[in-house]
file input_29.cif (mmCIF, N, CA, C and O atoms; chains and numbers go by the auth columns)
data_data
loop_
_atom_site.group_PDB
_atom_site.id
_atom_site.type_symbol
_atom_site.label_atom_id
_atom_site.label_comp_id
_atom_site.label_asym_id
_atom_site.label_seq_id
_atom_site.Cartn_x
_atom_site.Cartn_y
_atom_site.Cartn_z
_atom_site.B_iso_or_equiv
_atom_site.auth_seq_id
_atom_site.auth_asym_id
ATOM 1 N N LYS A 1 6.699 -11.209 7.283 0.00 1 M
ATOM 2 C CA LYS A 1 5.258 -11.272 7.251 0.00 1 M
ATOM 3 C C LYS A 1 4.850 -12.646 6.730 0.00 1 M
ATOM 4 O O LYS A 1 5.491 -13.191 5.846 0.00 1 M
ATOM 5 N N HIS A 2 3.758 -13.133 7.263 0.00 2 M
ATOM 6 C CA HIS A 2 3.294 -14.473 6.915 0.00 2 M
ATOM 7 C C HIS A 2 1.807 -14.424 6.580 0.00 2 M
ATOM 8 O O HIS A 2 1.070 -13.600 7.105 0.00 2 M
ATOM 9 N N VAL A 3 1.397 -15.347 5.712 0.00 3 M
ATOM 10 C CA VAL A 3 0.009 -15.375 5.257 0.00 3 M
ATOM 11 C C VAL A 3 -0.588 -16.745 5.520 0.00 3 M
ATOM 12 O O VAL A 3 0.016 -17.767 5.192 0.00 3 M
ATOM 13 N N ILE A 4 -1.783 -16.745 6.114 0.00 4 M
ATOM 14 C CA ILE A 4 -2.570 -17.960 6.289 0.00 4 M
ATOM 15 C C ILE A 4 -3.864 -17.771 5.506 0.00 4 M
ATOM 16 O O ILE A 4 -4.587 -16.802 5.727 0.00 4 M
ATOM 17 N N ALA A 5 -4.139 -18.678 4.582 0.00 5 M
ATOM 18 C CA ALA A 5 -5.393 -18.643 3.826 0.00 5 M
ATOM 19 C C ALA A 5 -6.421 -19.465 4.591 0.00 5 M
ATOM 20 O O ALA A 5 -6.262 -20.669 4.765 0.00 5 M
ATOM 21 N N LEU A 6 -7.467 -18.809 5.073 0.00 6 M
ATOM 22 C CA LEU A 6 -8.495 -19.473 5.877 0.00 6 M
ATOM 23 C C LEU A 6 -9.736 -19.736 5.044 0.00 6 M
ATOM 24 O O LEU A 6 -10.351 -18.807 4.529 0.00 6 M
ATOM 25 N N GLY A 7 -10.109 -20.990 4.930 0.00 7 M
ATOM 26 C CA GLY A 7 -11.363 -21.346 4.286 0.00 7 M
ATOM 27 C C GLY A 7 -11.233 -21.618 2.801 0.00 7 M
ATOM 28 O O GLY A 7 -10.284 -21.220 2.141 0.00 7 M
ATOM 29 N N ASN A 8 -12.213 -22.344 2.297 0.00 8 M
ATOM 30 C CA ASN A 8 -12.210 -22.726 0.892 0.00 8 M
ATOM 31 C C ASN A 8 -12.331 -21.534 -0.039 0.00 8 M
ATOM 32 O O ASN A 8 -11.792 -21.543 -1.134 0.00 8 M
ATOM 33 N N CYS A 9 -13.033 -20.510 0.371 0.00 9 M
ATOM 34 C CA CYS A 9 -13.187 -19.334 -0.495 0.00 9 M
ATOM 35 C C CYS A 9 -11.857 -18.625 -0.681 0.00 9 M
ATOM 36 O O CYS A 9 -11.546 -18.149 -1.777 0.00 9 M
ATOM 37 N N ALA A 10 -11.047 -18.545 0.352 0.00 10 M
ATOM 38 C CA ALA A 10 -9.736 -17.901 0.235 0.00 10 M
ATOM 39 C C ALA A 10 -8.757 -18.761 -0.546 0.00 10 M
ATOM 40 O O ALA A 10 -7.869 -18.248 -1.206 0.00 10 M
ATOM 41 N N ILE A 11 -8.926 -20.069 -0.479 0.00 11 M
ATOM 42 C CA ILE A 11 -7.987 -20.967 -1.136 0.00 11 M
ATOM 43 C C ILE A 11 -8.293 -21.094 -2.623 0.00 11 M
ATOM 44 O O ILE A 11 -7.415 -20.966 -3.459 0.00 11 M
ATOM 45 N N GLY A 12 -9.543 -21.336 -2.962 0.00 12 M
ATOM 46 C CA GLY A 12 -9.854 -21.587 -4.369 0.00 12 M
ATOM 47 C C GLY A 12 -11.090 -20.889 -4.882 0.00 12 M
ATOM 48 O O GLY A 12 -11.549 -21.171 -5.972 0.00 12 M
ATOM 49 N N GLY A 13 -11.651 -19.984 -4.119 0.00 13 M
ATOM 50 C CA GLY A 13 -12.852 -19.297 -4.565 0.00 13 M
ATOM 51 C C GLY A 13 -14.125 -19.967 -4.083 0.00 13 M
ATOM 52 O O GLY A 13 -15.138 -19.313 -3.920 0.00 13 M
ATOM 53 N N GLY A 14 -14.067 -21.276 -3.872 0.00 14 M
ATOM 54 C CA GLY A 14 -15.236 -22.000 -3.383 0.00 14 M
ATOM 55 C C GLY A 14 -16.453 -21.783 -4.256 0.00 14 M
ATOM 56 O O GLY A 14 -16.354 -21.630 -5.472 0.00 14 M
ATOM 57 N N MET A 15 -17.604 -21.749 -3.651 0.00 15 M
ATOM 58 C CA MET A 15 -18.833 -21.540 -4.427 0.00 15 M
ATOM 59 C C MET A 15 -18.984 -20.083 -4.855 0.00 15 M
ATOM 60 O O MET A 15 -19.826 -19.759 -5.668 0.00 15 M
ATOM 61 N N PHE A 16 -18.125 -19.226 -4.315 0.00 16 M
ATOM 62 C CA PHE A 16 -18.168 -17.808 -4.665 0.00 16 M
ATOM 63 C C PHE A 16 -17.032 -17.458 -5.624 0.00 16 M
ATOM 64 O O PHE A 16 -16.418 -16.421 -5.508 0.00 16 M
ATOM 65 N N SER A 17 -16.727 -18.342 -6.562 0.00 17 M
ATOM 66 C CA SER A 17 -15.611 -18.094 -7.471 0.00 17 M
ATOM 67 C C SER A 17 -15.873 -16.853 -8.311 0.00 17 M
ATOM 68 O O SER A 17 -16.997 -16.375 -8.420 0.00 17 M
ATOM 69 N N SER A 18 -14.821 -16.340 -8.915 0.00 18 M
ATOM 70 C CA SER A 18 -14.928 -15.070 -9.638 0.00 18 M
ATOM 71 C C SER A 18 -15.867 -15.140 -10.837 0.00 18 M
ATOM 72 O O SER A 18 -16.260 -14.112 -11.364 0.00 18 M
ATOM 73 N N THR A 19 -16.228 -16.342 -11.265 0.00 19 M
ATOM 74 C CA THR A 19 -17.187 -16.434 -12.366 0.00 19 M
ATOM 75 C C THR A 19 -18.593 -16.049 -11.912 0.00 19 M
ATOM 76 O O THR A 19 -19.413 -15.682 -12.738 0.00 19 M
ATOM 77 N N PHE A 20 -18.838 -16.128 -10.604 0.00 20 M
ATOM 78 C CA PHE A 20 -20.161 -15.810 -10.085 0.00 20 M
ATOM 79 C C PHE A 20 -20.211 -14.529 -9.267 0.00 20 M
ATOM 80 O O PHE A 20 -21.269 -13.984 -9.042 0.00 20 M
ATOM 81 N N SER A 21 -19.069 -14.058 -8.780 0.00 21 M
ATOM 82 C CA SER A 21 -19.064 -12.868 -7.944 0.00 21 M
ATOM 83 C C SER A 21 -17.766 -12.101 -8.121 0.00 21 M
ATOM 84 O O SER A 21 -16.800 -12.606 -8.667 0.00 21 M
ATOM 85 N N TYR A 22 -17.732 -10.891 -7.632 0.00 22 M
ATOM 86 C CA TYR A 22 -16.579 -10.018 -7.808 0.00 22 M
ATOM 87 C C TYR A 22 -15.713 -9.904 -6.568 0.00 22 M
ATOM 88 O O TYR A 22 -14.661 -9.287 -6.603 0.00 22 M
ATOM 89 N N PHE A 23 -16.091 -10.488 -5.449 0.00 23 M
ATOM 90 C CA PHE A 23 -15.377 -10.239 -4.200 0.00 23 M
ATOM 91 C C PHE A 23 -14.476 -11.382 -3.764 0.00 23 M
ATOM 92 O O PHE A 23 -13.943 -11.350 -2.671 0.00 23 M
ATOM 93 N N THR A 24 -14.286 -12.394 -4.591 0.00 24 M
ATOM 94 C CA THR A 24 -13.319 -13.439 -4.273 0.00 24 M
ATOM 95 C C THR A 24 -12.346 -13.584 -5.433 0.00 24 M
ATOM 96 O O THR A 24 -12.634 -13.203 -6.555 0.00 24 M
ATOM 97 N N ILE A 25 -11.179 -14.145 -5.142 0.00 25 M
ATOM 98 C CA ILE A 25 -10.128 -14.305 -6.137 0.00 25 M
ATOM 99 C C ILE A 25 -9.779 -15.782 -6.225 0.00 25 M
ATOM 100 O O ILE A 25 -9.455 -16.410 -5.219 0.00 25 M
ATOM 101 N N ASP A 26 -9.850 -16.341 -7.419 0.00 26 M
ATOM 102 C CA ASP A 26 -9.401 -17.710 -7.619 0.00 26 M
ATOM 103 C C ASP A 26 -7.876 -17.719 -7.639 0.00 26 M
ATOM 104 O O ASP A 26 -7.246 -16.860 -8.252 0.00 26 M
ATOM 105 N N GLY A 27 -7.270 -18.681 -6.968 0.00 27 M
ATOM 106 C CA GLY A 27 -5.819 -18.806 -6.989 0.00 27 M
ATOM 107 C C GLY A 27 -5.099 -17.699 -6.237 0.00 27 M
ATOM 108 O O GLY A 27 -4.228 -17.031 -6.779 0.00 27 M
ATOM 109 N N LEU A 28 -5.438 -17.508 -4.987 0.00 28 M
ATOM 110 C CA LEU A 28 -4.800 -16.481 -4.160 0.00 28 M
ATOM 111 C C LEU A 28 -3.286 -16.654 -4.131 0.00 28 M
ATOM 112 O O LEU A 28 -2.541 -15.677 -4.178 0.00 28 M
ATOM 113 N N LYS A 29 -2.826 -17.905 -4.135 0.00 29 M
ATOM 114 C CA LYS A 29 -1.388 -18.170 -4.028 0.00 29 M
ATOM 115 C C LYS A 29 -0.608 -17.643 -5.223 0.00 29 M
ATOM 116 O O LYS A 29 0.597 -17.482 -5.154 0.00 29 M
ATOM 117 N N GLU A 30 -1.276 -17.374 -6.334 0.00 30 M
ATOM 118 C CA GLU A 30 -0.585 -16.814 -7.494 0.00 30 M
ATOM 119 C C GLU A 30 -0.371 -15.314 -7.345 0.00 30 M
ATOM 120 O O GLU A 30 0.458 -14.744 -8.040 0.00 30 M
ATOM 121 N N ILE A 31 -1.106 -14.670 -6.443 0.00 31 M
ATOM 122 C CA ILE A 31 -0.989 -13.227 -6.231 0.00 31 M
ATOM 123 C C ILE A 31 -0.151 -12.930 -4.990 0.00 31 M
ATOM 124 O O ILE A 31 0.734 -12.091 -5.010 0.00 31 M
ATOM 125 N N ILE A 32 -0.442 -13.637 -3.900 0.00 32 M
ATOM 126 C CA ILE A 32 0.249 -13.452 -2.629 0.00 32 M
ATOM 127 C C ILE A 32 0.844 -14.796 -2.228 0.00 32 M
ATOM 128 O O ILE A 32 0.140 -15.804 -2.232 0.00 32 M
ATOM 129 N N PRO A 33 2.124 -14.840 -1.868 0.00 33 M
ATOM 130 C CA PRO A 33 2.681 -16.111 -1.409 0.00 33 M
ATOM 131 C C PRO A 33 2.061 -16.534 -0.074 0.00 33 M
ATOM 132 O O PRO A 33 2.167 -15.827 0.916 0.00 33 M
ATOM 133 N N VAL A 34 1.394 -17.664 -0.074 0.00 34 M
ATOM 134 C CA VAL A 34 0.691 -18.161 1.112 0.00 34 M
ATOM 135 C C VAL A 34 1.562 -19.209 1.795 0.00 34 M
ATOM 136 O O VAL A 34 2.078 -20.117 1.153 0.00 34 M
ATOM 137 N N ASP A 35 1.723 -19.063 3.113 0.00 35 M
ATOM 138 C CA ASP A 35 2.536 -20.003 3.886 0.00 35 M
ATOM 139 C C ASP A 35 1.745 -21.239 4.309 0.00 35 M
ATOM 140 O O ASP A 35 2.260 -22.344 4.273 0.00 35 M
ATOM 141 N N VAL A 36 0.492 -21.049 4.740 0.00 36 M
ATOM 142 C CA VAL A 36 -0.314 -22.155 5.259 0.00 36 M
ATOM 143 C C VAL A 36 -1.739 -22.032 4.727 0.00 36 M
ATOM 144 O O VAL A 36 -2.314 -20.946 4.731 0.00 36 M
ATOM 145 N N PHE A 37 -2.283 -23.155 4.264 0.00 37 M
ATOM 146 C CA PHE A 37 -3.676 -23.220 3.829 0.00 37 M
ATOM 147 C C PHE A 37 -4.480 -23.976 4.880 0.00 37 M
ATOM 148 O O PHE A 37 -4.119 -25.076 5.262 0.00 37 M
ATOM 149 N N VAL A 38 -5.577 -23.371 5.346 0.00 38 M
ATOM 150 C CA VAL A 38 -6.451 -24.016 6.321 0.00 38 M
ATOM 151 C C VAL A 38 -7.797 -24.238 5.640 0.00 38 M
ATOM 152 O O VAL A 38 -8.543 -23.294 5.395 0.00 38 M
ATOM 153 N N PRO A 39 -8.116 -25.495 5.272 0.00 39 M
ATOM 154 C CA PRO A 39 -9.356 -25.761 4.552 0.00 39 M
ATOM 155 C C PRO A 39 -10.572 -25.740 5.461 0.00 39 M
ATOM 156 O O PRO A 39 -10.470 -25.769 6.683 0.00 39 M
ATOM 157 N N GLY A 40 -11.727 -25.715 4.839 0.00 40 M
ATOM 158 C CA GLY A 40 -12.986 -25.769 5.562 0.00 40 M
ATOM 159 C C GLY A 40 -13.865 -24.595 5.210 0.00 40 M
ATOM 160 O O GLY A 40 -13.399 -23.567 4.753 0.00 40 M
ATOM 161 N N CYS A 41 -15.138 -24.785 5.389 0.00 41 M
ATOM 162 C CA CYS A 41 -16.076 -23.706 5.084 0.00 41 M
ATOM 163 C C CYS A 41 -17.199 -23.738 6.122 0.00 41 M
ATOM 164 O O CYS A 41 -18.186 -24.439 5.937 0.00 41 M
ATOM 165 N N PRO A 42 -17.059 -23.017 7.187 0.00 42 M
ATOM 166 C CA PRO A 42 -15.896 -22.283 7.679 0.00 42 M
ATOM 167 C C PRO A 42 -14.886 -23.243 8.292 0.00 42 M
ATOM 168 O O PRO A 42 -15.230 -24.362 8.666 0.00 42 M
ATOM 169 N N PRO A 43 -13.630 -22.807 8.418 0.00 43 M
ATOM 170 C CA PRO A 43 -12.624 -23.691 9.023 0.00 43 M
ATOM 171 C C PRO A 43 -12.953 -23.975 10.490 0.00 43 M
ATOM 172 O O PRO A 43 -13.398 -23.093 11.202 0.00 43 M
ATOM 173 N N ARG A 44 -12.720 -25.203 10.893 0.00 44 M
ATOM 174 C CA ARG A 44 -12.973 -25.579 12.288 0.00 44 M
ATOM 175 C C ARG A 44 -11.877 -25.020 13.179 0.00 44 M
ATOM 176 O O ARG A 44 -10.748 -24.805 12.728 0.00 44 M
ATOM 177 N N PRO A 45 -12.173 -24.764 14.433 0.00 45 M
ATOM 178 C CA PRO A 45 -11.160 -24.220 15.351 0.00 45 M
ATOM 179 C C PRO A 45 -9.906 -25.095 15.439 0.00 45 M
ATOM 180 O O PRO A 45 -8.795 -24.576 15.515 0.00 45 M
ATOM 181 N N GLU A 46 -10.093 -26.425 15.386 0.00 46 M
ATOM 182 C CA GLU A 46 -8.936 -27.318 15.442 0.00 46 M
ATOM 183 C C GLU A 46 -8.049 -27.129 14.214 0.00 46 M
ATOM 184 O O GLU A 46 -6.823 -27.194 14.302 0.00 46 M
ATOM 185 N N SER A 47 -8.665 -26.891 13.061 0.00 47 M
ATOM 186 C CA SER A 47 -7.901 -26.685 11.834 0.00 47 M
ATOM 187 C C SER A 47 -7.119 -25.375 11.893 0.00 47 M
ATOM 188 O O SER A 47 -5.971 -25.310 11.443 0.00 47 M
ATOM 189 N N ILE A 48 -7.735 -24.345 12.446 0.00 48 M
ATOM 190 C CA ILE A 48 -7.047 -23.059 12.575 0.00 48 M
ATOM 191 C C ILE A 48 -5.863 -23.198 13.520 0.00 48 M
ATOM 192 O O ILE A 48 -4.763 -22.712 13.236 0.00 48 M
ATOM 193 N N LEU A 49 -6.053 -23.893 14.634 0.00 49 M
ATOM 194 C CA LEU A 49 -4.965 -24.116 15.579 0.00 49 M
ATOM 195 C C LEU A 49 -3.840 -24.915 14.935 0.00 49 M
ATOM 196 O O LEU A 49 -2.654 -24.588 15.093 0.00 49 M
ATOM 197 N N GLU A 50 -4.185 -25.944 14.190 0.00 50 M
ATOM 198 C CA GLU A 50 -3.165 -26.735 13.501 0.00 50 M
ATOM 199 C C GLU A 50 -2.414 -25.881 12.482 0.00 50 M
ATOM 200 O O GLU A 50 -1.194 -25.973 12.349 0.00 50 M
ATOM 201 N N GLY A 51 -3.130 -25.016 11.765 0.00 51 M
ATOM 202 C CA GLY A 51 -2.479 -24.115 10.815 0.00 51 M
ATOM 203 C C GLY A 51 -1.507 -23.173 11.499 0.00 51 M
ATOM 204 O O GLY A 51 -0.413 -22.913 10.985 0.00 51 M
ATOM 205 N N LEU A 52 -1.884 -22.663 12.662 0.00 52 M
ATOM 206 C CA LEU A 52 -0.981 -21.790 13.417 0.00 52 M
ATOM 207 C C LEU A 52 0.262 -22.538 13.880 0.00 52 M
ATOM 208 O O LEU A 52 1.371 -22.002 13.858 0.00 52 M
ATOM 209 N N LEU A 53 0.097 -23.791 14.303 0.00 53 M
ATOM 210 C CA LEU A 53 1.242 -24.593 14.726 0.00 53 M
ATOM 211 C C LEU A 53 2.169 -24.901 13.551 0.00 53 M
ATOM 212 O O LEU A 53 3.399 -24.871 13.696 0.00 53 M
ATOM 213 N N VAL A 54 1.590 -25.176 12.388 0.00 54 M
ATOM 214 C CA VAL A 54 2.409 -25.416 11.194 0.00 54 M
ATOM 215 C C VAL A 54 3.200 -24.167 10.845 0.00 54 M
ATOM 216 O O VAL A 54 4.393 -24.232 10.536 0.00 54 M
ATOM 217 N N LEU A 55 2.553 -23.012 10.905 0.00 55 M
ATOM 218 C CA LEU A 55 3.241 -21.755 10.619 0.00 55 M
ATOM 219 C C LEU A 55 4.354 -21.506 11.639 0.00 55 M
ATOM 220 O O LEU A 55 5.452 -21.090 11.271 0.00 55 M
ATOM 221 N N GLN A 56 4.087 -21.779 12.898 0.00 56 M
ATOM 222 C CA GLN A 56 5.107 -21.607 13.936 0.00 56 M
ATOM 223 C C GLN A 56 6.313 -22.504 13.657 0.00 56 M
ATOM 224 O O GLN A 56 7.463 -22.068 13.781 0.00 56 M
ATOM 225 N N ASN A 57 6.063 -23.735 13.239 0.00 57 M
ATOM 226 C CA ASN A 57 7.170 -24.646 12.913 0.00 57 M
ATOM 227 C C ASN A 57 7.960 -24.155 11.712 0.00 57 M
ATOM 228 O O ASN A 57 9.187 -24.261 11.689 0.00 57 M
ATOM 229 N N LYS A 58 7.288 -23.595 10.722 0.00 58 M
ATOM 230 C CA LYS A 58 7.986 -23.048 9.559 0.00 58 M
ATOM 231 C C LYS A 58 8.857 -21.864 9.946 0.00 58 M
ATOM 232 O O LYS A 58 9.978 -21.726 9.465 0.00 58 M
ATOM 233 N N ILE A 59 8.351 -21.017 10.824 0.00 59 M
ATOM 234 C CA ILE A 59 9.117 -19.850 11.252 0.00 59 M
ATOM 235 C C ILE A 59 10.347 -20.261 12.044 0.00 59 M
ATOM 236 O O ILE A 59 11.444 -19.759 11.815 0.00 59 M
ATOM 237 N N THR A 60 10.184 -21.198 12.970 0.00 60 M
ATOM 238 C CA THR A 60 11.333 -21.625 13.775 0.00 60 M
ATOM 239 C C THR A 60 12.351 -22.386 12.918 0.00 60 M
ATOM 240 O O THR A 60 13.553 -22.309 13.179 0.00 60 M
ATOM 241 N N ALA A 61 11.905 -23.103 11.885 0.00 61 M
ATOM 242 C CA ALA A 61 12.822 -23.814 11.001 0.00 61 M
ATOM 243 C C ALA A 61 13.652 -22.836 10.183 0.00 61 M
ATOM 244 O O ALA A 61 14.832 -23.092 9.905 0.00 61 M
ATOM 245 N N ARG A 62 13.085 -21.691 9.810 0.00 62 M
ATOM 246 C CA ARG A 62 13.823 -20.685 9.046 0.00 62 M
ATOM 247 C C ARG A 62 14.886 -20.013 9.893 0.00 62 M
ATOM 248 O O ARG A 62 15.914 -19.598 9.396 0.00 62 M
ATOM 249 N N GLU A 63 14.603 -19.850 11.194 0.00 63 M
ATOM 250 C CA GLU A 63 15.517 -19.141 12.079 0.00 63 M
ATOM 251 C C GLU A 63 16.774 -19.951 12.374 0.00 63 M
ATOM 252 O O GLU A 63 17.784 -19.399 12.761 0.00 63 M
ATOM 253 N N LYS A 64 16.722 -21.268 12.203 0.00 64 M
ATOM 254 C CA LYS A 64 17.868 -22.122 12.534 0.00 64 M
ATOM 255 C C LYS A 64 18.913 -22.094 11.454 0.00 64 M
ATOM 256 O O LYS A 64 18.863 -21.759 10.397 0.00 64 M
#

call {"tool": "encode", "arguments": {"input": "input_29.cif", "output": "structure tokens"}}
result
Amino acid sequence: KHVIALGNCAIGGGMFSSTFSYFTIDGLKEIIPVDVFVPGCPPRPESILEGLLVLQNKITAREK
């Protein structure tokens, strides 16, 4: 199983950090091991595609 963190809120809480709201978590990587971080608010389609390609390269590198 692989995890992609999409957007600034998933990566670091963004403007919705836990000090201001209850539905985001600061430091997701400390709870769930994240393979790829895709920044942006919201992330651009090119960034999501690049994140998927990075994840694909990581998966194929592990299989070798």

call {"tool": "atom_distance", "arguments": {"input": "input_29.cif", "atom1": "atom N of Ile11 of chain M", "atom2": "atom O of Val38 of chain M"}}
result
6.7 Å

call {"tool": "closest_residue", "arguments": {"input": "input_29.cif", "among": "M:Ile31, M:Cys41, M:Cys9, M:Ile4", "to": "Leu53 of chain M", "atoms": "only C-alpha atoms"}}
result
M:Ile4

call {"tool": "atom_distance", "arguments": {"input": "input_29.cif", "atom1": "atom CA of Pro42 of chain M", "atom2": "atom CA of Leu6 of chain M"}}
result
8.1 Å

call {"tool": "atom_distance", "arguments": {"input": "input_29.cif", "atom1": "atom CA of Arg44 of chain M", "atom2": "atom CA of Arg62 of chain M"}}
result
27.4 Å

call {"tool": "closest_residue", "arguments": {"input": "input_29.cif", "among": "M:Asp35, M:Val3, M:Asn8, M:Gly40", "to": "Lys58 of chain M", "atoms": "only C-alpha atoms"}}
result
M:Asp35

call {"tool": "resolve_selection", "arguments": {"input": "input_29.cif", "expression": "the PyMOL selection byres (((chain M and resi 36 and name CA) around 12) and name CA)", "output": "ChimeraX atom specification"}}
result
/M:2-7,10-11,28-29,32-35,37-39,47-59

call {"tool": "write_last_selection", "arguments": {"input": "input_29.cif", "atoms": "N, CA, C and O atoms", "output": "short mmCIF file (atom, residue, chain, number, x, y, z; two decimals), in the coordinates of the input"}}
result
data_model
loop_
_atom_site.label_atom_id
_atom_site.label_comp_id
_atom_site.auth_asym_id
_atom_site.auth_seq_id
_atom_site.Cartn_x
_atom_site.Cartn_y
_atom_site.Cartn_z
N HIS M 2 3.76 -13.13 7.26
CA HIS M 2 3.29 -14.47 6.92
C HIS M 2 1.81 -14.42 6.58
O HIS M 2 1.07 -13.60 7.10
N VAL M 3 1.40 -15.35 5.71
CA VAL M 3 0.01 -15.38 5.26
C VAL M 3 -0.59 -16.74 5.52
O VAL M 3 0.02 -17.77 5.19
N ILE M 4 -1.78 -16.74 6.11
CA ILE M 4 -2.57 -17.96 6.29
C ILE M 4 -3.86 -17.77 5.51
O ILE M 4 -4.59 -16.80 5.73
N ALA M 5 -4.14 -18.68 4.58
CA ALA M 5 -5.39 -18.64 3.83
C ALA M 5 -6.42 -19.46 4.59
O ALA M 5 -6.26 -20.67 4.76
N LEU M 6 -7.47 -18.81 5.07
CA LEU M 6 -8.49 -19.47 5.88
C LEU M 6 -9.74 -19.74 5.04
O LEU M 6 -10.35 -18.81 4.53
N GLY M 7 -10.11 -20.99 4.93
CA GLY M 7 -11.36 -21.35 4.29
C GLY M 7 -11.23 -21.62 2.80
O GLY M 7 -10.28 -21.22 2.14
N ALA M 10 -11.05 -18.55 0.35
CA ALA M 10 -9.74 -17.90 0.24
C ALA M 10 -8.76 -18.76 -0.55
O ALA M 10 -7.87 -18.25 -1.21
N ILE M 11 -8.93 -20.07 -0.48
CA ILE M 11 -7.99 -20.97 -1.14
C ILE M 11 -8.29 -21.09 -2.62
O ILE M 11 -7.42 -20.97 -3.46
N LEU M 28 -5.44 -17.51 -4.99
CA LEU M 28 -4.80 -16.48 -4.16
C LEU M 28 -3.29 -16.65 -4.13
O LEU M 28 -2.54 -15.68 -4.18
N LYS M 29 -2.83 -17.90 -4.14
CA LYS M 29 -1.39 -18.17 -4.03
C LYS M 29 -0.61 -17.64 -5.22
O LYS M 29 0.60 -17.48 -5.15
N ILE M 32 -0.44 -13.64 -3.90
CA ILE M 32 0.25 -13.45 -2.63
C ILE M 32 0.84 -14.80 -2.23
O ILE M 32 0.14 -15.80 -2.23
N PRO M 33 2.12 -14.84 -1.87
CA PRO M 33 2.68 -16.11 -1.41
C PRO M 33 2.06 -16.53 -0.07
O PRO M 33 2.17 -15.83 0.92
N VAL M 34 1.39 -17.66 -0.07
CA VAL M 34 0.69 -18.16 1.11
C VAL M 34 1.56 -19.21 1.80
O VAL M 34 2.08 -20.12 1.15
N ASP M 35 1.72 -19.06 3.11
CA ASP M 35 2.54 -20.00 3.89
C ASP M 35 1.74 -21.24 4.31
O ASP M 35 2.26 -22.34 4.27
N PHE M 37 -2.28 -23.16 4.26
CA PHE M 37 -3.68 -23.22 3.83
C PHE M 37 -4.48 -23.98 4.88
O PHE M 37 -4.12 -25.08 5.26
N VAL M 38 -5.58 -23.37 5.35
CA VAL M 38 -6.45 -24.02 6.32
C VAL M 38 -7.80 -24.24 5.64
O VAL M 38 -8.54 -23.29 5.40
N PRO M 39 -8.12 -25.50 5.27
CA PRO M 39 -9.36 -25.76 4.55
C PRO M 39 -10.57 -25.74 5.46
O PRO M 39 -10.47 -25.77 6.68
N SER M 47 -8.66 -26.89 13.06
CA SER M 47 -7.90 -26.68 11.83
C SER M 47 -7.12 -25.38 11.89
O SER M 47 -5.97 -25.31 11.44
N ILE M 48 -7.74 -24.34 12.45
CA ILE M 48 -7.05 -23.06 12.58
C ILE M 48 -5.86 -23.20 13.52
O ILE M 48 -4.76 -22.71 13.24
N LEU M 49 -6.05 -23.89 14.63
CA LEU M 49 -4.96 -24.12 15.58
C LEU M 49 -3.84 -24.92 14.94
O LEU M 49 -2.65 -24.59 15.09
N GLU M 50 -4.18 -25.94 14.19
CA GLU M 50 -3.16 -26.74 13.50
C GLU M 50 -2.41 -25.88 12.48
O GLU M 50 -1.19 -25.97 12.35
N GLY M 51 -3.13 -25.02 11.76
CA GLY M 51 -2.48 -24.12 10.82
C GLY M 51 -1.51 -23.17 11.50
O GLY M 51 -0.41 -22.91 10.98
N LEU M 52 -1.88 -22.66 12.66
CA LEU M 52 -0.98 -21.79 13.42
C LEU M 52 0.26 -22.54 13.88
O LEU M 52 1.37 -22.00 13.86
N LEU M 53 0.10 -23.79 14.30
CA LEU M 53 1.24 -24.59 14.73
C LEU M 53 2.17 -24.90 13.55
O LEU M 53 3.40 -24.87 13.70
N VAL M 54 1.59 -25.18 12.39
CA VAL M 54 2.41 -25.42 11.19
C VAL M 54 3.20 -24.17 10.84
O VAL M 54 4.39 -24.23 10.54
N LEU M 55 2.55 -23.01 10.90
CA LEU M 55 3.24 -21.76 10.62
C LEU M 55 4.35 -21.51 11.64
O LEU M 55 5.45 -21.09 11.27
N GLN M 56 4.09 -21.78 12.90
CA GLN M 56 5.11 -21.61 13.94
C GLN M 56 6.31 -22.50 13.66
O GLN M 56 7.46 -22.07 13.78
N ASN M 57 6.06 -23.74 13.24
CA ASN M 57 7.17 -24.65 12.91
C ASN M 57 7.96 -24.16 11.71
O ASN M 57 9.19 -24.26 11.69
N LYS M 58 7.29 -23.60 10.72
CA LYS M 58 7.99 -23.05 9.56
C LYS M 58 8.86 -21.86 9.95
O LYS M 58 9.98 -21.73 9.46
N ILE M 59 8.35 -21.02 10.82
CA ILE M 59 9.12 -19.85 11.25
C ILE M 59 10.35 -20.26 12.04
O ILE M 59 11.44 -19.76 11.82
#
